[in-house]
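Student: I'd like to ask you about the structure that follows.
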Amino acid sequence: MWNHYYSVSSLLEALELLSEYGERARIIAGGTDILIEMERGQRPQVDVLVDITRVPGLDKISLRGDDIRLGPLVTHNHIVDSPLVVERALPLAQACWEVGAPQIRNRATIAGNLITASPANDTITPLMALNAEVTLTSLNAERTMSLSAFYTGVRRTVMRPDELLTAITFPALAKNERGIFIKLGLRRAQAISVINVAVILSFEAEKVSHATITLGSVAPTIIHAPVAERALIGENLTPEVIANAARLAAATPEPIDDIRGTAAYRVEMVRVLVSRALRALAVNAEAENWPRKPPMLWGANKAIVKTGLTKKHDHHGDEPIETTINGQPMTLTTGQEKTLLRFLRDDVGLPGTKEGCAEGECGACTVFLDGAAVMSCMVGAPRAHGAEIVTVEGLASGDSLHPIQQAFINQGAVQCGYCTPGFLMAGAKLLEECPDPTTEQIQQSITGNLCRCTGYYKIVQAFEEASTRK
């Protein structure tokens, strides 16, 4: 899929490579879009990937004065786990929780979500409402702009080939401000937005002093509803005021019409979601459905880069991949051009990890990468260099099965068995984080895993039994 895959040890090395290769190169952090697009032949001009996932310090969330700053490796799960963001930028946390599944949120970055520039991308809508800015850095310059100025159309931005998005900055919500994000999808998890809405209000006493309403997946870019915003100023959030503002918001866009929803349906759902958002904000219930102790499936390191590489690596030709898989050090000189999934199956000889969809939808390829559960179909094989990987073959200890494996046998949770390795990996990581998981936590932990045989009942029962076998 690529001619060169570089693992860099510093931001400077990444910028030098972008300057050298120009249009041929792309940064890979989460990789949840670029690898799929390359496999489908949608990026024929790209043959160089620059992996920044081992550069320490790029995954930090910090408060600078009254501004929250996100580094380029901050993932969706980092946001979900951040008390700072949950308390002072709740709409962004809510949007991140709605993205994908734990395995995807462990890899997918906020920066990447912004750069792909789809109007259905969930994090753009709240960040636009929060008046976010992005910083773009090249080898010789740096520029900062509003997020609204960053976009020029569907999947188009002002970003140059030699630039890297190095920071996302936005004002933290003040004490008199409240916000909420609501998404409509066609299923409960792993859903692309039909529409999404972010609403942020400032209050003086009980009256609205400032209002921001942003709408996603209704136009080529994220848009505001300015007439509806103005209608809220100076008003109490009465049922009549809410209904009027929701009606005005619905009249703002001329929505897109696609397979996920007609234009007419989107108009009505804008009205419904804006109304719901305003009703929640009126009674301070914006965080009512926020999950308590959500399962992250990311291990003790919380997907934080603890130790970086000592030097840059160009994984091409017979450049070896030195890795540790299921506790065994290995050196392989093949597979550098593959995904981690195919590398494990074809080159390492571990067929337990399955390919179901090859696009992060089914979870059958779940493995642990440096302690975090990930979809191996969306990770480049060179990322295994210097890493620790666990596959389903590594769950058992000696002659003893892992409790989740034994529970699957006891509960008859296996039918065709194709999806089973992914469920076992999710279950093992869940039990590591939540030894006594609730039913809700079990269900949340397997939102990235699909089964078409068992109906999930036996699988959930196996998870419940396994929690008693620790």
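Residues are named by chain letter and number: chains run A, B, ... in the order of the structure tokens, numbers start at 1 in each chain, and ligands are numbered from 1 in the order shown.
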Leaving out Leu450 (chain A) and any residue of its chain fewer than 4 positions from it, which residues lie within 9 Å of it when counting only C-alpha atoms, given as a list in words?
Tutor: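 Surrounding residues, per the criterion: Glu361, Cys362, Gly363, Ala364, Cys419, Gly422, Phe423, Ile446 and Tyr456 of chain A.
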Student: Kindly provide the residues of region 91-167 of chain A that approach region 195-207 of chain A to within 12 Å, each paired with its closest atom pair and their distance in Å to one decimal, based on only C-alpha atoms, listed by chain and increasing number, as JSON lines.
Tutor:
{"residue": "A:Pro91", "atom": "CA", "partner": "A:Ala198", "partner_atom": "CA", "distance": 6.6}
{"residue": "A:Leu92", "atom": "CA", "partner": "A:Ala198", "partner_atom": "CA", "distance": 8.9}
{"residue": "A:Ala93", "atom": "CA", "partner": "A:Ala198", "partner_atom": "CA", "distance": 11.5}
{"residue": "A:Gln94", "atom": "CA", "partner": "A:Ala198", "partner_atom": "CA", "distance": 9.8}
{"residue": "A:Ala95", "atom": "CA", "partner": "A:Asn196", "partner_atom": "CA", "distance": 9.0}
{"residue": "A:Glu98", "atom": "CA", "partner": "A:Asn196", "partner_atom": "CA", "distance": 10.5}
{"residue": "A:Val99", "atom": "CA", "partner": "A:Asn196", "partner_atom": "CA", "distance": 11.9}
{"residue": "A:Pro119", "atom": "CA", "partner": "A:Ile195", "partner_atom": "CA", "distance": 9.2}
{"residue": "A:Ala120", "atom": "CA", "partner": "A:Ile195", "partner_atom": "CA", "distance": 7.1}
{"residue": "A:Asn121", "atom": "CA", "partner": "A:Asn196", "partner_atom": "CA", "distance": 9.0}
{"residue": "A:Asp122", "atom": "CA", "partner": "A:Asn196", "partner_atom": "CA", "distance": 7.1}
{"residue": "A:Thr123", "atom": "CA", "partner": "A:Asn196", "partner_atom": "CA", "distance": 9.8}
{"residue": "A:Ile124", "atom": "CA", "partner": "A:Ala198", "partner_atom": "CA", "distance": 9.7}
{"residue": "A:Thr125", "atom": "CA", "partner": "A:Ala198", "partner_atom": "CA", "distance": 6.1}
{"residue": "A:Pro126", "atom": "CA", "partner": "A:Ala198", "partner_atom": "CA", "distance": 5.3}
{"residue": "A:Leu127", "atom": "CA", "partner": "A:Ala198", "partner_atom": "CA", "distance": 8.8}
{"residue": "A:Met128", "atom": "CA", "partner": "A:Ala198", "partner_atom": "CA", "distance": 8.7}
{"residue": "A:Ala129", "atom": "CA", "partner": "A:Ala198", "partner_atom": "CA", "distance": 6.5}
{"residue": "A:Leu130", "atom": "CA", "partner": "A:Ile200", "partner_atom": "CA", "distance": 7.7}
{"residue": "A:Asn131", "atom": "CA", "partner": "A:Ile200", "partner_atom": "CA", "distance": 10.6}
Student: Which residues of region 164-217 of chain A have any atom within 10 Å of an atom in region 72-79 of chain A when counting only C-alpha atoms, and what is the closest pair of atoms for each, with the distance in Å to one decimal? Order the rows by chain and rising number and write it as JSON lines.
Tutor:
{"residue": "A:Leu164", "atom": "CA", "partner": "A:Pro72", "partner_atom": "CA", "distance": 8.6}
{"residue": "A:Leu165", "atom": "CA", "partner": "A:Pro72", "partner_atom": "CA", "distance": 6.4}
{"residue": "A:Thr166", "atom": "CA", "partner": "A:Pro72", "partner_atom": "CA", "distance": 5.2}
{"residue": "A:Ala167", "atom": "CA", "partner": "A:Pro72", "partner_atom": "CA", "distance": 5.9}
{"residue": "A:Ile168", "atom": "CA", "partner": "A:Pro72", "partner_atom": "CA", "distance": 7.7}
Student: Restrict the selected residues to N, CA and C atoms and save them as a compact mmCIF listing (two decimals), in the first residue's frame.
Tutor:
# COMPACT_ATOMS: atom_id res chain seq x y z
N LEU A 164 1.44 20.16 9.51
CA LEU A 164 0.93 19.20 10.48
C LEU A 164 0.08 19.99 11.48
N LEU A 165 -1.10 19.48 11.79
CA LEU A 165 -1.95 20.13 12.79
C LEU A 165 -1.38 19.81 14.17
N THR A 166 -0.83 20.83 14.83
CA THR A 166 -0.11 20.59 16.08
C THR A 166 -0.88 20.96 17.33
N ALA A 167 -2.00 21.68 17.20
CA ALA A 167 -2.77 22.05 18.40
C ALA A 167 -4.19 22.44 18.02
N ILE A 168 -5.10 22.13 18.92
CA ILE A 168 -6.49 22.59 18.86
C ILE A 168 -6.74 23.33 20.17
Student: Choose the residue, out of A:Gln103, A:Ser148, A:Gln443, A:Ser138, that has the smallest atom-to-atom separation from Ala117 (chain A); count only C-alpha atoms.
Tutor: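 Ranking A:Gln103, A:Ser148, A:Gln443, A:Ser138 by distance to Ala117 (chain A), first place goes to A:Ser148.
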Student: For Thr447 (chain A), which residue among A:Gly179, A:Pro294, A:Gly317, A:Gly216 is the nearest when counting only C-alpha atoms?
Tutor: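 Between A:Gly179, A:Pro294, A:Gly317, A:Gly216, the residue approaching Thr447 (chain A) most closely is A:Pro294.
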